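As structure tokens, the structure follows; a few thoughts come after it.
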Amino acid sequence: MTTATITKTDAQVREAVLRQLEWEPEINANDIGVAVEEGVVTLTGFVDLYSERVAAERAAKRVYGVRGVANELRVKPLHE
């Protein structure tokens with residue numbers, strides 16, 4: 001018996017991560033960039049709170065096809 005392997009392209013994974021970030025109520029996805037290479041997601045940009053940074057990483061990890069997440073999000077300073 002053989003099993004079929006279903007894999008997503010990097011573009012499909014990127015779109016799924018973007019949708020997941022938009023769906024999460026605690027994340028403002030407007031300033032978040034998403035890049036995917038061989039299933040590894042890189043999150044870039046700025047968020048307002050550290051909790052938002054963590055939530056974005058968790059959201060990306062929940063997407064099928066994500067093999068890893070490089071969280072390069074930066075938290076904006078309070079006095080900006």
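Going by the structure tokens order, chains are called A, B, ..., each with residues numbered from 1, while ligands are numbered from 1 in the order shown.
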Quiz item: Quick one: residues within 9 Å of stretch 5-19 of chain A, only C-alpha atoms counted, chain neighbours fewer than 4 positions away excluded, as a PyMOL selection string?
Solution: chain A and resi 23-24+29+32-41+59-66
Quiz prompt | In chain A, DSSP alpha helix (DSSP H) residues written as a PyMOL selection string | solution = chain A and resi 10-23+50-61
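The residue set within 8 Å of stretch 50-54 of chain A, counting only C-alpha atoms and dropping same-chain residues fewer than 2 places from it, reads Glu26, Ile27, Asn28, Val47, Asp48, Ala56, Glu57, Arg58, Asn71, Leu73, Arg74 and Val75 of chain A.
You will find atom CA of A:Thr42 at 11.0 Å from atom CA of A:Arg67.
Proximity ranking of A:Leu43, A:Ala55, A:Val69, A:Leu78 relative to A:Asp31 places A:Leu43 first, based on only C-alpha atoms.
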DSSP says strand (DSSP E or B) for which residues of chain A? Put them as a PDB file with N, CA and C atoms, in the first residue's frame?
ATOM      1  N   ILE A  32       2.834  43.494   8.816  1.00  0.00           N
ATOM      2  CA  ILE A  32       3.560  42.224   8.874  1.00  0.00           C
ATOM      3  C   ILE A  32       3.777  41.709   7.458  1.00  0.00           C
ATOM      4  N   GLY A  33       5.036  41.417   7.153  1.00  0.00           N
ATOM      5  CA  GLY A  33       5.392  40.817   5.869  1.00  0.00           C
ATOM      6  C   GLY A  33       5.615  39.325   6.044  1.00  0.00           C
ATOM      7  N   VAL A  34       5.267  38.557   5.030  1.00  0.00           N
ATOM      8  CA  VAL A  34       5.405  37.101   5.084  1.00  0.00           C
ATOM      9  C   VAL A  34       6.159  36.630   3.852  1.00  0.00           C
ATOM     10  N   ALA A  35       7.226  35.885   4.078  1.00  0.00           N
ATOM     11  CA  ALA A  35       7.969  35.250   2.991  1.00  0.00           C
ATOM     12  C   ALA A  35       8.078  33.769   3.318  1.00  0.00           C
ATOM     13  N   VAL A  36       8.079  32.927   2.293  1.00  0.00           N
ATOM     14  CA  VAL A  36       8.164  31.488   2.504  1.00  0.00           C
ATOM     15  C   VAL A  36       9.178  30.902   1.537  1.00  0.00           C
ATOM     16  N   GLU A  37      10.064  30.084   2.081  1.00  0.00           N
ATOM     17  CA  GLU A  37      11.022  29.370   1.241  1.00  0.00           C
ATOM     18  C   GLU A  37      11.136  27.946   1.758  1.00  0.00           C
ATOM     19  N   VAL A  40       9.502  27.204   5.081  1.00  0.00           N
ATOM     20  CA  VAL A  40       9.929  27.989   6.246  1.00  0.00           C
ATOM     21  C   VAL A  40       9.426  29.418   6.074  1.00  0.00           C
ATOM     22  N   VAL A  41       8.635  29.869   7.037  1.00  0.00           N
ATOM     23  CA  VAL A  41       8.006  31.189   6.991  1.00  0.00           C
ATOM     24  C   VAL A  41       8.890  32.195   7.715  1.00  0.00           C
ATOM     25  N   THR A  42       9.104  33.343   7.087  1.00  0.00           N
ATOM     26  CA  THR A  42       9.800  34.444   7.733  1.00  0.00           C
ATOM     27  C   THR A  42       8.808  35.585   7.902  1.00  0.00           C
ATOM     28  N   LEU A  43       8.613  35.995   9.160  1.00  0.00           N
ATOM     29  CA  LEU A  43       7.736  37.115   9.478  1.00  0.00           C
ATOM     30  C   LEU A  43       8.598  38.347   9.690  1.00  0.00           C
ATOM     31  N   THR A  44       8.282  39.434   8.981  1.00  0.00           N
ATOM     32  CA  THR A  44       9.036  40.670   9.116  1.00  0.00           C
ATOM     33  C   THR A  44       8.074  41.829   9.331  1.00  0.00           C
ATOM     34  N   GLY A  45       8.605  42.937   9.805  1.00  0.00           N
ATOM     35  CA  GLY A  45       7.788  44.127   9.988  1.00  0.00           C
ATOM     36  C   GLY A  45       7.711  44.514  11.448  1.00  0.00           C
ATOM     37  N   PHE A  46       6.645  45.247  11.780  1.00  0.00           N
ATOM     38  CA  PHE A  46       6.497  45.807  13.111  1.00  0.00           C
ATOM     39  C   PHE A  46       5.134  45.478  13.699  1.00  0.00           C
ATOM     40  N   VAL A  47       5.105  45.292  15.015  1.00  0.00           N
ATOM     41  CA  VAL A  47       3.870  45.106  15.770  1.00  0.00           C
ATOM     42  C   VAL A  47       3.912  46.050  16.966  1.00  0.00           C
ATOM     43  N   GLY A  68       8.637  25.600   9.582  1.00  0.00           N
ATOM     44  CA  GLY A  68       9.317  26.364  10.618  1.00  0.00           C
ATOM     45  C   GLY A  68       8.993  27.834  10.459  1.00  0.00           C
ATOM     46  N   VAL A  69       9.260  28.604  11.519  1.00  0.00           N
ATOM     47  CA  VAL A  69       8.980  30.036  11.484  1.00  0.00           C
ATOM     48  C   VAL A  69      10.186  30.798  11.995  1.00  0.00           C
ATOM     49  N   ALA A  70      10.646  31.761  11.200  1.00  0.00           N
ATOM     50  CA  ALA A  70      11.682  32.705  11.619  1.00  0.00           C
ATOM     51  C   ALA A  70      10.961  34.005  11.935  1.00  0.00           C
ATOM     52  N   ASN A  71      10.855  34.312  13.216  1.00  0.00           N
ATOM     53  CA  ASN A  71      10.111  35.494  13.637  1.00  0.00           C
ATOM     54  C   ASN A  71      11.066  36.678  13.763  1.00  0.00           C
ATOM     55  N   ARG A  74       9.512  43.100  14.839  1.00  0.00           N
ATOM     56  CA  ARG A  74      10.036  44.024  15.845  1.00  0.00           C
ATOM     57  C   ARG A  74       8.872  44.742  16.513  1.00  0.00           C
ATOM     58  N   VAL A  75       9.025  44.957  17.802  1.00  0.00           N
ATOM     59  CA  VAL A  75       8.009  45.648  18.565  1.00  0.00           C
ATOM     60  C   VAL A  75       8.317  47.140  18.515  1.00  0.00           C
TER      61      VAL A  75
END
